[in-house]
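*Asks:* Got work.txt for you, compact mmCIF, C-alpha atoms:
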```txt
# COMPACT_ATOMS: atom_id res chain seq x y z
CA MET A 296 83.46 -7.52 -15.12
CA ALA A 297 80.21 -6.74 -16.87
CA THR A 298 80.20 -5.87 -20.54
CA ILE A 299 78.50 -2.76 -21.89
CA ALA A 300 76.92 -4.33 -24.92
CA ALA A 301 75.44 -1.11 -26.29
CA VAL A 302 74.74 2.49 -25.37
CA ILE A 303 71.55 3.83 -26.89
CA ALA A 304 70.05 7.30 -26.84
CA SER A 305 66.67 8.04 -28.33
CA THR A 306 63.70 10.31 -28.28
CA HIS A 307 60.57 8.74 -26.82
CA HIS A 308 57.45 9.49 -28.77
CA PRO A 309 54.36 8.13 -27.02
CA PHE A 310 52.38 8.03 -30.27
CA TYR A 311 54.65 5.50 -31.98
CA LEU A 312 52.68 2.45 -30.88
CA LYS A 313 49.41 3.94 -32.04
CA ALA A 314 50.85 5.13 -35.37
CA SER A 315 52.70 1.91 -36.16
CA THR A 316 49.75 -0.37 -35.41
CA ALA A 317 47.12 1.72 -37.18
CA THR A 318 45.73 0.35 -40.41
CA GLY A 319 43.69 1.61 -43.34
CA GLU A 320 42.42 5.16 -43.13
CA ASP A 321 43.61 5.45 -39.54
CA ARG A 322 47.23 4.92 -40.51
CA PRO A 323 49.07 8.25 -40.69
CA PRO A 324 51.06 8.93 -43.88
CA PHE A 325 54.37 9.00 -42.02
CA ALA A 326 53.81 5.66 -40.24
CA ASP A 327 55.58 3.41 -42.77
CA GLU A 328 58.79 5.41 -42.78
CA TRP A 329 58.70 5.77 -39.00
CA GLN A 330 58.18 2.05 -38.49
CA ALA A 331 61.01 1.17 -40.88
CA LYS A 332 63.38 3.46 -39.01
CA ILE A 333 62.37 2.03 -35.66
CA GLU A 334 62.83 -1.54 -36.85
CA SER A 335 66.29 -0.71 -38.16
CA PHE A 336 67.11 0.99 -34.84
CA ARG A 337 65.79 -2.03 -32.93
CA GLU A 338 68.26 -4.25 -34.75
CA THR A 339 71.14 -2.26 -33.21
CA LEU A 340 70.07 -3.45 -29.76
CA THR A 341 69.13 -6.98 -30.81
CA ARG A 342 72.54 -7.72 -32.26
CA ALA A 343 74.25 -6.51 -29.08
CA ARG A 344 72.65 -9.47 -27.25
CA PRO A 345 72.02 -7.69 -23.95
CA ASP A 346 71.09 -9.50 -20.74
CA ILE A 347 70.02 -6.44 -18.73
CA LEU A 348 68.79 -2.98 -19.70
CA VAL A 349 69.64 0.09 -17.64
CA MET A 350 66.85 2.47 -18.64
CA VAL A 351 67.28 6.22 -18.16
CA GLY A 352 64.07 8.20 -18.30
CA SER A 353 61.97 10.73 -16.43
CA ASP A 354 58.68 10.33 -14.63
CA HIS A 355 56.05 12.68 -16.10
CA PHE A 356 54.29 13.53 -12.82
CA HIS A 357 52.97 10.02 -12.42
CA GLN A 358 54.44 8.61 -9.23
CA LEU A 359 56.93 11.36 -8.38
CA TRP A 360 55.30 14.54 -7.20
CA LEU A 361 56.17 18.03 -6.05
CA ASP A 362 55.78 17.20 -2.36
CA ASN A 363 58.83 14.94 -2.51
CA MET A 364 60.71 15.34 -5.77
CA PRO A 365 64.00 13.52 -6.29
CA GLN A 366 66.56 14.86 -8.77
CA PHE A 367 68.00 11.44 -9.61
CA LEU A 368 66.42 8.16 -8.54
CA ILE A 369 67.21 4.51 -9.17
CA GLY A 370 64.55 1.85 -8.90
CA LYS A 371 65.40 -1.20 -6.83
CA ALA A 372 62.58 -3.68 -7.12
CA PRO A 373 62.09 -7.19 -8.45
CA VAL A 374 59.22 -6.05 -10.68
CA TYR A 375 58.08 -2.80 -12.25
CA ASP A 376 54.51 -2.33 -13.28
CA ALA A 377 54.37 0.13 -16.12
CA ASN A 378 52.22 2.82 -17.71
CA PHE A 379 49.42 4.76 -16.14
CA TYR A 380 45.75 5.39 -16.81
CA ASN A 381 46.38 8.76 -18.43
CA GLU A 382 48.94 7.22 -20.81
CA GLU A 383 46.44 4.54 -21.74
CA ARG A 384 43.87 7.28 -22.26
CA GLU A 385 45.96 9.69 -24.32
CA PHE A 386 48.45 7.47 -26.13
CA GLY A 387 46.82 4.05 -26.17
CA LEU A 388 49.77 2.55 -24.27
CA PRO A 389 49.10 -0.84 -22.68
CA ARG A 390 49.72 -1.78 -19.08
CA MET A 391 53.01 -3.67 -18.91
CA VAL A 392 55.04 -5.58 -16.33
CA LEU A 393 58.84 -5.56 -16.48
CA ARG A 394 61.23 -7.58 -14.40
CA GLY A 395 63.92 -5.83 -12.36
CA ASN A 396 67.48 -6.71 -11.42
CA GLU A 397 67.90 -5.82 -7.77
CA GLU A 398 71.56 -6.80 -7.71
CA LEU A 399 72.54 -4.21 -10.31
CA SER A 400 70.15 -1.65 -8.81
CA GLY A 401 71.69 -2.09 -5.38
CA TYR A 402 75.20 -1.95 -6.78
CA LEU A 403 74.54 1.28 -8.71
CA LEU A 404 72.93 2.89 -5.67
CA ARG A 405 75.81 2.01 -3.34
CA GLU A 406 78.56 2.93 -5.80
CA GLY A 407 76.74 6.02 -7.05
CA ILE A 408 76.17 7.38 -3.55
CA ASP A 409 79.79 6.70 -2.66
CA ALA A 410 80.85 8.51 -5.84
CA GLY A 411 79.09 11.68 -4.71
CA PHE A 412 75.61 11.34 -6.22
CA ASP A 413 73.03 11.38 -3.43
CA LEU A 414 70.69 9.11 -5.33
CA ALA A 415 67.13 8.56 -4.22
CA PHE A 416 65.72 5.07 -4.53
CA SER A 417 62.35 3.41 -4.86
CA ASN A 418 61.40 -0.13 -3.91
CA GLU A 419 57.99 0.17 -5.58
CA LEU A 420 58.15 2.11 -8.79
CA ARG A 421 55.59 2.17 -11.53
CA VAL A 422 57.49 3.31 -14.61
CA ASP A 423 55.94 5.46 -17.31
CA HIS A 424 56.27 5.97 -21.04
CA SER A 425 59.78 7.42 -20.82
CA ILE A 426 60.83 3.84 -20.14
CA THR A 427 58.11 1.85 -21.87
CA CYS A 428 58.41 3.72 -25.19
CA PRO A 429 61.98 2.51 -25.71
CA ILE A 430 60.92 -0.97 -24.60
CA ILE A 431 58.19 -0.88 -27.24
CA THR A 432 60.53 0.43 -29.95
CA LEU A 433 63.72 -1.46 -29.07
CA ARG A 434 62.66 -4.61 -27.23
CA PRO A 435 58.93 -5.13 -27.76
CA GLN A 436 59.03 -8.63 -26.31
CA ALA A 437 59.86 -6.90 -22.99
CA ASP A 438 61.73 -9.99 -21.85
CA LEU A 439 64.81 -8.47 -20.20
CA PRO A 440 65.22 -7.22 -16.63
CA ILE A 441 65.60 -3.50 -16.26
CA VAL A 442 67.16 -1.02 -13.86
CA PRO A 443 65.24 2.25 -14.12
CA VAL A 444 67.13 5.50 -13.59
CA TYR A 445 64.90 8.53 -13.29
CA THR A 446 66.01 12.13 -13.72
CA ASN A 447 64.19 15.38 -13.04
CA ILE A 448 63.87 17.22 -16.34
CA PHE A 449 60.42 18.48 -15.49
CA ALA A 450 60.14 20.37 -12.24
CA PRO A 451 62.37 23.36 -11.48
CA PRO A 452 64.76 23.57 -9.75
CA MET A 453 66.54 20.92 -11.79
CA PRO A 454 70.16 19.78 -11.71
CA GLN A 455 72.59 21.51 -14.07
CA PRO A 456 73.24 19.91 -17.48
CA SER A 457 76.82 19.20 -16.40
CA ARG A 458 75.42 17.08 -13.59
CA PHE A 459 73.50 14.92 -16.05
CA VAL A 460 76.72 14.41 -18.02
CA ALA A 461 78.63 13.54 -14.86
CA LEU A 462 76.02 10.99 -13.81
CA GLY A 463 76.22 9.44 -17.27
CA GLN A 464 79.98 9.17 -17.01
CA ALA A 465 79.65 7.61 -13.56
CA LEU A 466 77.04 5.11 -14.77
CA ARG A 467 79.41 4.01 -17.51
CA GLN A 468 82.29 3.51 -15.09
CA MET A 469 80.14 1.74 -12.51
CA VAL A 470 78.60 -0.72 -14.96
CA GLU A 471 82.00 -1.47 -16.46
CA ALA A 472 83.32 -2.23 -12.97
CA TRP A 473 80.33 -4.37 -11.94
CA PRO A 474 81.61 -7.81 -10.98
CA SER A 475 79.32 -9.80 -13.23
CA ASP A 476 79.43 -11.65 -16.49
CA GLN A 477 76.24 -9.97 -17.71
CA ARG A 478 75.93 -7.94 -20.90
CA VAL A 479 74.36 -4.61 -20.05
CA ALA A 480 72.83 -2.15 -22.48
CA ILE A 481 72.41 1.41 -21.20
CA ILE A 482 69.45 3.05 -22.87
CA GLY A 483 68.25 6.59 -22.27
CA THR A 484 65.49 8.64 -23.79
CA GLY A 485 64.80 12.33 -23.86
CA HIS A 486 63.76 15.02 -26.26
CA LEU A 487 65.11 17.43 -28.78
CA SER A 488 63.25 20.75 -28.99
CA LEU A 489 59.76 20.25 -27.63
CA GLU A 490 56.85 22.43 -26.57
CA LEU A 491 53.98 21.09 -24.48
CA GLY A 492 51.15 23.25 -23.25
CA GLY A 493 52.52 26.37 -24.93
CA PRO A 494 51.96 28.41 -28.09
CA ARG A 495 54.51 26.49 -30.18
CA GLN A 496 53.08 23.02 -29.52
CA PHE A 497 51.99 20.54 -32.18
CA GLY A 498 53.38 22.42 -35.15
CA PRO A 499 54.38 20.77 -38.44
CA HIS A 500 57.92 20.30 -37.07
CA GLY A 501 59.63 20.56 -33.72
CA PRO A 502 59.52 24.10 -32.34
CA ASP A 503 63.20 24.80 -33.08
CA PRO A 504 64.64 22.92 -36.08
CA GLU A 505 67.94 24.78 -35.78
CA PHE A 506 68.40 23.55 -32.20
CA ASP A 507 67.50 20.05 -33.35
CA ARG A 508 70.09 20.15 -36.13
CA LYS A 509 72.81 21.23 -33.72
CA ALA A 510 71.72 18.77 -31.04
CA VAL A 511 71.79 15.82 -33.43
CA GLU A 512 75.29 16.82 -34.49
CA TRP A 513 76.49 17.09 -30.87
CA ILE A 514 75.12 13.65 -30.03
CA ALA A 515 76.29 11.91 -33.20
CA THR A 516 79.85 13.20 -32.76
CA GLY A 517 80.00 13.09 -28.95
CA ASP A 518 80.62 16.82 -28.88
CA LEU A 519 80.08 17.34 -25.17
CA LYS A 520 82.20 20.49 -25.18
CA SER A 521 79.85 22.33 -27.54
CA ALA A 522 76.74 20.95 -25.89
CA LEU A 523 77.89 22.05 -22.44
CA ALA A 524 79.01 25.44 -23.77
CA GLU A 525 75.68 26.19 -25.44
CA VAL A 526 73.16 24.52 -23.15
CA SER A 527 72.13 25.85 -19.76
CA LEU A 528 69.05 25.50 -17.60
CA ASP A 529 68.02 28.98 -18.77
CA SER A 530 68.83 28.49 -22.45
CA LEU A 531 66.73 25.33 -22.74
CA TRP A 532 63.48 27.29 -22.41
CA ALA A 533 64.15 28.94 -25.77
CA PRO A 534 63.92 25.93 -28.13
CA GLY A 535 60.63 24.87 -26.50
CA ASN A 536 59.24 24.79 -22.98
CA ALA A 537 59.76 21.02 -22.58
CA THR A 538 63.27 20.94 -24.02
CA HIS A 539 64.92 20.22 -20.67
CA GLY A 540 64.36 16.62 -21.68
CA PHE A 541 67.46 17.15 -23.80
CA MET A 542 69.45 16.76 -20.59
CA ASP A 543 68.70 13.04 -20.70
CA PHE A 544 70.47 12.99 -24.08
CA MET A 545 73.36 14.81 -22.43
CA LEU A 546 73.44 12.14 -19.72
CA MET A 547 73.68 9.54 -22.47
CA MET A 548 76.49 11.50 -24.13
CA GLY A 549 78.28 11.13 -20.80
CA VAL A 550 77.70 7.37 -20.95
CA ALA A 551 78.90 7.16 -24.54
CA GLY A 552 82.03 9.24 -23.91
CA GLU A 553 83.37 12.57 -25.08
CA ASN A 554 84.16 12.77 -28.79
CA VAL A 555 83.04 9.20 -29.37
CA PRO A 556 80.97 9.19 -32.55
CA ALA A 557 77.82 7.13 -32.61
CA ASP A 558 78.06 3.88 -34.55
CA TYR A 559 74.48 4.37 -35.68
CA ALA A 560 72.62 7.67 -36.04
CA ASP A 561 69.27 8.36 -37.60
CA SER A 562 66.53 10.94 -37.30
CA LEU A 563 63.04 11.62 -38.57
CA ASP A 564 61.38 14.99 -38.90
CA LEU A 565 57.86 14.47 -37.56
CA PHE A 566 55.05 16.82 -36.72
CA HIS A 567 55.41 18.18 -33.21
CA THR A 568 59.00 17.04 -32.61
CA MET A 569 62.04 15.55 -34.32
CA GLU A 570 62.83 11.93 -33.62
CA ALA A 571 66.46 10.89 -33.21
CA TYR A 572 68.12 7.52 -32.67
CA PHE A 573 71.74 6.76 -31.71
CA THR A 574 73.69 3.63 -30.83
CA TRP A 575 77.28 3.19 -29.68
CA TYR A 576 79.14 -0.10 -29.33
CA PRO A 577 81.79 0.57 -26.68
CA ARG A 578 83.66 -2.63 -27.46
CA GLY A 579 83.77 -2.00 -31.17
CA GLY A 580 82.32 -3.97 -34.03
CA MET A 581 78.69 -3.71 -34.97
CA GLY A 582 77.21 -5.77 -32.23
CA GLY A 583 79.49 -5.52 -29.28
CA ASP A 584 82.55 -7.61 -28.76
CA GLU A 585 83.59 -9.10 -32.06
CA ILE A 586 86.84 -7.15 -31.84
CA MET B 23 49.95 32.78 -5.46
CA SER B 24 49.99 29.02 -5.16
CA LYS B 25 51.34 27.46 -8.31
CA TYR B 26 51.89 24.33 -6.26
CA LEU B 27 48.21 24.06 -5.40
CA LEU B 28 47.14 24.70 -9.00
CA ASN B 29 49.43 21.89 -10.04
CA LYS B 30 48.13 19.66 -7.27
CA PHE B 31 44.59 20.14 -8.50
CA LEU B 32 45.54 19.37 -12.11
CA TYR B 33 47.62 16.37 -11.05
CA THR B 34 45.08 14.76 -8.76
CA VAL B 35 42.16 15.29 -11.15
CA ASP B 36 44.08 14.09 -14.21
CA ARG B 37 44.93 10.74 -12.70
CA ASP B 38 41.37 9.89 -11.65
CA PRO B 39 38.97 8.99 -14.48
CA ASP B 40 35.89 9.91 -12.43
CA LEU B 41 37.30 13.27 -11.45
CA VAL B 42 38.22 14.07 -15.05
CA GLU B 43 34.56 13.67 -16.01
CA ARG B 44 33.32 15.51 -12.97
CA TYR B 45 35.61 18.47 -13.66
CA ARG B 46 34.54 18.53 -17.30
CA GLU B 47 30.83 18.58 -16.42
CA ASP B 48 30.86 20.75 -13.31
CA PRO B 49 34.08 22.76 -13.11
CA ARG B 50 33.03 25.24 -10.44
CA GLY B 51 31.44 22.62 -8.22
CA THR B 52 34.44 20.32 -8.58
CA VAL B 53 36.91 23.09 -7.76
CA ALA B 54 34.91 24.12 -4.67
CA TRP B 55 34.64 20.53 -3.46
CA TRP B 56 38.31 19.84 -4.15
CA GLU B 57 39.50 22.95 -2.34
CA ALA B 58 37.35 22.14 0.68
CA GLU B 59 38.02 18.42 0.88
CA GLN B 60 41.18 17.54 -1.03
CA ALA B 61 43.55 20.51 -1.20
CA ASN B 62 45.14 19.82 2.16
CA LEU B 63 45.57 16.07 1.78
CA ILE B 64 49.22 15.10 1.83
CA LEU B 65 49.27 12.56 -0.94
CA ASN B 66 51.62 10.04 0.62
CA CYS B 67 50.38 10.35 4.21
CA HIS B 68 47.50 8.95 6.20
CA GLN B 69 44.41 11.09 5.61
CA GLY B 70 44.39 12.20 9.24
CA GLU B 71 47.69 14.00 8.74
CA ARG B 72 46.51 16.96 6.71
CA SER B 73 48.12 20.24 5.87
CA THR B 74 46.40 23.30 7.31
CA TRP B 75 47.34 26.14 4.99
CA LEU B 76 46.63 25.40 1.34
CA ALA B 77 43.99 27.52 -0.42
CA PHE B 78 43.52 29.04 -3.85
CA GLU B 79 43.67 32.74 -4.48
CA ASP B 80 40.69 34.19 -6.29
CA PRO B 81 42.25 34.33 -9.79
CA GLU B 82 43.38 30.71 -9.46
CA ARG B 83 39.98 29.49 -8.35
CA GLU B 84 38.35 31.45 -11.15
CA ALA B 85 40.74 30.14 -13.83
CA LEU B 86 40.13 26.54 -12.81
CA GLY B 87 36.39 27.10 -12.48
CA ALA B 88 36.17 28.72 -15.92
CA HIS B 89 38.27 26.03 -17.64
CA ASP B 90 40.46 29.00 -18.61
CA TYR B 91 43.66 27.27 -19.68
CA PRO B 92 45.29 30.42 -21.12
CA LYS B 93 44.90 31.96 -17.67
CA LEU B 94 46.39 28.87 -16.04
CA PHE B 95 49.40 29.28 -18.34
CA GLU B 96 49.68 32.93 -17.29
CA LEU B 97 49.50 31.98 -13.62
CA GLY B 98 52.43 29.60 -14.01
CA ALA B 99 50.63 26.28 -13.71
CA HIS B 100 52.81 23.50 -15.09
CA PRO B 101 52.00 23.44 -18.83
CA PHE B 102 52.33 19.67 -19.08
CA LEU B 103 49.74 19.10 -16.38
CA THR B 104 47.30 21.59 -17.85
CA LEU B 105 47.68 20.23 -21.36
CA THR B 106 47.29 16.61 -20.37
CA LEU B 107 44.12 17.16 -18.36
CA TYR B 108 42.54 19.50 -20.90
CA ILE B 109 43.22 17.06 -23.74
CA ALA B 110 41.45 14.42 -21.66
CA MET B 111 38.44 16.67 -21.23
CA PHE B 112 38.08 18.37 -24.59
CA GLU B 113 39.88 16.52 -27.39
CA ARG B 114 36.73 14.43 -27.83
CA ASP B 115 34.75 17.51 -28.89
CA TYR B 116 36.82 18.00 -32.06
CA ASP B 117 36.53 16.00 -35.27
CA GLU B 118 40.05 16.36 -36.64
CA PRO B 119 43.07 14.78 -34.91
CA LEU B 120 45.07 17.37 -32.94
CA ALA B 121 42.50 20.08 -33.64
CA PHE B 122 42.07 20.80 -29.93
CA GLN B 123 45.82 20.88 -29.39
CA ARG B 124 46.25 23.37 -32.23
CA GLU B 125 43.46 25.60 -30.98
CA TYR B 126 45.13 25.47 -27.58
CA ALA B 127 48.38 26.73 -29.15
CA THR B 128 46.52 29.48 -30.98
CA ARG B 129 44.86 30.68 -27.81
CA LEU B 130 48.32 31.06 -26.28
CA SER B 131 49.87 32.64 -29.36
CA HIS B 132 50.15 36.10 -27.82
CA TRP B 133 52.89 34.77 -25.54
CA GLN B 134 56.55 35.42 -26.33
CA LEU B 135 59.57 34.21 -24.39
CA PRO B 136 60.09 34.28 -21.54
CA TYR B 137 56.93 32.43 -20.59
CA PRO B 138 55.54 32.72 -17.06
CA ASP B 139 57.78 31.13 -14.46
CA ILE B 140 56.62 27.62 -13.53
CA ALA B 141 59.03 27.07 -10.63
CA THR B 142 57.23 26.04 -7.47
```
Please express the file's structure as structure tokens.
*Replies:*
Amino acid sequence: MATIAAVIASTHHPFYLKASTATGEDRPPFADEWQAKIESFRETLTRARPDILVMVGSDHFHQLWLDNMPQFLIGKAPVYDANFYNEEREFGLPRMVLRGNEELSGYLLREGIDAGFDLAFSNELRVDHSITCPIITLRPQADLPIVPVYTNIFAPPMPQPSRFVALGQALRQMVEAWPSDQRVAIIGTGHLSLELGGPRQFGPHGPDPEFDRKAVEWIATGDLKSALAEVSLDSLWAPGNATHGFMDFMLMMGVAGENVPADYADSLDLFHTMEAYFTWYPRGGMGGDEI
Amino acid sequence: MSKYLLNKFLYTVDRDPDLVERYREDPRGTVAWWEAEQANLILNCHQGERSTWLAFEDPEREALGAHDYPKLFELGAHPFLTLTLYIAMFERDYDEPLAFQREYATRLSHWQLPYPDIAT
């Protein structure tokens, strides 16, 4: 059976590449600390020695549109082109090409549909910064095949938070049961409190530091009970109008397991939004399967 | 009210570099052209298979034509789409980083929760 080498949950901040590569007067004052935290976080994936990355993210109205909007979608393609013109324009993100793993994609689609998730699929998917940001932060050589899993955290009506958790739990079980000798890392990115296009955007901190504090605690301790009790589709508007991206963190809490504390947890209070980084090693140790 | 069509305008303009410039320079002309020629295109279908029913209401056409992003927020346009396109058009006019984004927030600062419904 396949090995889950690491489970990783992270924010995805599209300005990291620009900030971390800026020099001289262009380099923001927070860039050194941010870069050091990212490089430390990257090491948690590197030492897990993954062969394949299952990447959970959300299309930001790039390829998926309101005339045909899937709630959950898995890419099944040999190759994924990545990043779009408007991400190049606004964030300075480069065009990228990532390899796929159609065998794992096909397996997750079949097993996931049979488990009660009516998953959409795409045989030609251009992935966006929700997937390339964690590639840039965690695996900048972009050398591993990916299986993209897209969720709708953007366009109401969205699935309930409990559904994200359930899909995460199913992903964990399915990958563990995959008849393969591959080492799979499951990586998902979302947001803590976040406002985009509203009056609370681009403040000195995230729009709701109290929500962020609680959310980081839920994730770091695997406290799904509290997260599910306090978070609803309606409640997520309050911390910031783009905070439904937190449901991708809840999906990853489902992957990591209830009440399983993260083996690595870090955060960084930035302008605009709080960054947060978590890694679990399901097989123990600090790199996977030493135990 | 057609929040969907507002979003479709923002989405299709934002992803086309030429249209971004055209909308910046000639908002009313671009909106009129888009409504006449593009609004009823089904994005993933052959161009011959058009919709027949999509049109702006007057306040929507006016908000787009006036570059009035606070009004677009009020009308329930998706805030991410509005923000992304308006950054592309107007960030360049400001000297300080994020100055446009902060002015944008200030111009919406009279809003309290709940914000206008963005469901389509």
*Asks:* What does the distance from CA of Leu546 in chain A to CA of Arg342 in chain A come to in Å, to one decimal?
*Replies:*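 So the answer is 23.5 Å.
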*Asks:* I'd like to know which of A:Ile430, A:Leu491, A:Val511, A:Val550 is closest to Leu130 in chain B, using all atoms listed in the file.
*Replies:*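 Looking at the shortest contact to Leu130 in chain B, the residue is A:Leu491.
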*Asks:* Would you mind listing, as a VMD selection string, all residues of chain A that have at least one atom within 8 Å of chain B, where all atoms listed in the file are what counts?
*Replies:* chain A and resid 356 361 380 to 381 384 to 385 450 to 452 491 to 498 532 to 533
*Asks:* For range 408-410 of chain A, work out the shell of residues within 12 Å, counting only C-alpha atoms and skipping chain neighbours fewer than 3 positions away, then give it as a ChimeraX atom specification.
*Replies:* /A:367-369,401-405,413-416,461-462,464-466,468-469
*Asks:* Tell me, in Å to one decimal, how far CA of Ser417 in chain A is from CA of Leu348 in chain A.
*Replies:*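 According to the coordinates, CA of Ser417 in chain A and CA of Leu348 in chain A are separated by 17.4 Å.
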*Asks:* Identify the residues around (67.4, 22.1, -33.2) within a radius of 10 Å, measuring from only C-alpha atoms in the coordinates stated by the file, and give them as JSON, numbers by chain.
*Replies:* {"A": [487, 488, 489, 501, 502, 503, 504, 505, 506, 507, 508, 509, 510, 511, 512, 534, 535, 568, 569]}
*Asks:* Restricting the calculation to only C-alpha atoms, which member of A:Leu528, A:Leu420, A:Val392, A:Val444 is positioned closest to Met542 in chain A?
*Replies:*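 The answer is A:Leu528, which sits nearest to Met542 in chain A.
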*Asks:* So which residues touch Gly517 in chain A within 7 Å, counting only C-alpha atoms, skipping near sequence neighbours fewer than 5 positions away, as a list in words?
*Replies:*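 Residues meeting the cut-off are Met548, Gly552, Glu553, Asn554, Val555 and Pro556 of chain A.
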*Asks:* What is the distance between CA of Val35 in chain B and CA of Pro138 in chain B, in Å to one decimal?
*Replies:* 22.8 Å
*Asks:* Quick one: of A:Pro435, A:Gly549, A:Pro440, A:Gly319, who's nearest to Thr341 in chain A, counting all atoms listed in the file?
*Replies:*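 Result for the nearest residue to Thr341 in chain A: A:Pro435.
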*Asks:* Which residues are near Ile448 in chain A? Cut-off 7 Å, only C-alpha atoms, ignore same chain within fewer than 6 positions. Put them as a list of chain:residue names.
*Replies:* A:Ser353, A:His539, A:Gly540
*Asks:* Quick one: everything within 12 Å of Leu399 in chain A, counting all atoms listed in the file, minus sequence neighbours fewer than 2 positions away in the same chain. Send it as a short mmCIF file (atom, residue, chain, number, x, y, z; two decimals) with C-alpha atoms, in the coordinates of the input.
*Replies:*
```cif
data_model
loop_
_atom_site.label_atom_id
_atom_site.label_comp_id
_atom_site.auth_asym_id
_atom_site.auth_seq_id
_atom_site.Cartn_x
_atom_site.Cartn_y
_atom_site.Cartn_z
CA ALA A 297 80.21 -6.74 -16.87
CA ASP A 346 71.09 -9.50 -20.74
CA ILE A 347 70.02 -6.44 -18.73
CA LEU A 348 68.79 -2.98 -19.70
CA VAL A 349 69.64 0.09 -17.64
CA ILE A 369 67.21 4.51 -9.17
CA GLY A 370 64.55 1.85 -8.90
CA LYS A 371 65.40 -1.20 -6.83
CA ALA A 372 62.58 -3.68 -7.12
CA PRO A 373 62.09 -7.19 -8.45
CA GLY A 395 63.92 -5.83 -12.36
CA ASN A 396 67.48 -6.71 -11.42
CA GLU A 397 67.90 -5.82 -7.77
CA GLY A 401 71.69 -2.09 -5.38
CA TYR A 402 75.20 -1.95 -6.78
CA LEU A 403 74.54 1.28 -8.71
CA LEU A 404 72.93 2.89 -5.67
CA ARG A 405 75.81 2.01 -3.34
CA GLU A 406 78.56 2.93 -5.80
CA GLY A 407 76.74 6.02 -7.05
CA PRO A 440 65.22 -7.22 -16.63
CA ILE A 441 65.60 -3.50 -16.26
CA VAL A 442 67.16 -1.02 -13.86
CA PRO A 443 65.24 2.25 -14.12
CA VAL A 444 67.13 5.50 -13.59
CA LEU A 466 77.04 5.11 -14.77
CA MET A 469 80.14 1.74 -12.51
CA VAL A 470 78.60 -0.72 -14.96
CA GLU A 471 82.00 -1.47 -16.46
CA ALA A 472 83.32 -2.23 -12.97
CA TRP A 473 80.33 -4.37 -11.94
CA PRO A 474 81.61 -7.81 -10.98
CA SER A 475 79.32 -9.80 -13.23
CA ASP A 476 79.43 -11.65 -16.49
CA GLN A 477 76.24 -9.97 -17.71
CA ARG A 478 75.93 -7.94 -20.90
CA VAL A 479 74.36 -4.61 -20.05
#
```
*Asks:* Extract range 23-35 of chain B from the preceding block and save N, CA and C atoms as a PDB file, in the first residue's frame.
*Replies:*
```
ATOM      1  N   MET B  23     -31.996  41.904 -11.605  1.00  0.00           N
ATOM      2  CA  MET B  23     -30.567  42.154 -11.375  1.00  0.00           C
ATOM      3  C   MET B  23     -29.766  40.940 -11.846  1.00  0.00           C
ATOM      4  N   SER B  24     -28.675  41.187 -12.485  1.00  0.00           N
ATOM      5  CA  SER B  24     -27.888  40.091 -13.041  1.00  0.00           C
ATOM      6  C   SER B  24     -26.475  40.111 -12.486  1.00  0.00           C
ATOM      7  N   LYS B  25     -26.343  39.631 -11.249  1.00  0.00           N
ATOM      8  CA  LYS B  25     -24.995  39.529 -10.697  1.00  0.00           C
ATOM      9  C   LYS B  25     -24.135  38.633 -11.570  1.00  0.00           C
ATOM     10  N   TYR B  26     -24.757  37.596 -12.132  1.00  0.00           N
ATOM     11  CA  TYR B  26     -23.975  36.692 -12.980  1.00  0.00           C
ATOM     12  C   TYR B  26     -23.360  37.449 -14.146  1.00  0.00           C
ATOM     13  N   LEU B  27     -24.139  38.321 -14.779  1.00  0.00           N
ATOM     14  CA  LEU B  27     -23.618  39.016 -15.958  1.00  0.00           C
ATOM     15  C   LEU B  27     -22.549  40.044 -15.565  1.00  0.00           C
ATOM     16  N   LEU B  28     -22.747  40.715 -14.436  1.00  0.00           N
ATOM     17  CA  LEU B  28     -21.684  41.600 -13.938  1.00  0.00           C
ATOM     18  C   LEU B  28     -20.389  40.809 -13.777  1.00  0.00           C
ATOM     19  N   ASN B  29     -20.512  39.668 -13.136  1.00  0.00           N
ATOM     20  CA  ASN B  29     -19.323  38.842 -12.919  1.00  0.00           C
ATOM     21  C   ASN B  29     -18.716  38.384 -14.238  1.00  0.00           C
ATOM     22  N   LYS B  30     -19.584  38.052 -15.188  1.00  0.00           N
ATOM     23  CA  LYS B  30     -19.087  37.581 -16.485  1.00  0.00           C
ATOM     24  C   LYS B  30     -18.301  38.685 -17.194  1.00  0.00           C
ATOM     25  N   PHE B  31     -18.785  39.906 -17.085  1.00  0.00           N
ATOM     26  CA  PHE B  31     -18.037  41.023 -17.662  1.00  0.00           C
ATOM     27  C   PHE B  31     -16.664  41.143 -16.986  1.00  0.00           C
ATOM     28  N   LEU B  32     -16.656  41.180 -15.659  1.00  0.00           N
ATOM     29  CA  LEU B  32     -15.394  41.355 -14.938  1.00  0.00           C
ATOM     30  C   LEU B  32     -14.421  40.217 -15.258  1.00  0.00           C
ATOM     31  N   TYR B  33     -14.952  39.014 -15.310  1.00  0.00           N
ATOM     32  CA  TYR B  33     -14.137  37.817 -15.547  1.00  0.00           C
ATOM     33  C   TYR B  33     -13.540  37.823 -16.951  1.00  0.00           C
ATOM     34  N   THR B  34     -14.358  38.113 -17.937  1.00  0.00           N
ATOM     35  CA  THR B  34     -13.857  38.017 -19.314  1.00  0.00           C
ATOM     36  C   THR B  34     -12.934  39.188 -19.661  1.00  0.00           C
ATOM     37  N   VAL B  35     -13.156  40.333 -19.045  1.00  0.00           N
ATOM     38  CA  VAL B  35     -12.251  41.463 -19.303  1.00  0.00           C
ATOM     39  C   VAL B  35     -10.926  41.234 -18.587  1.00  0.00           C
TER      40      VAL B  35
END
```
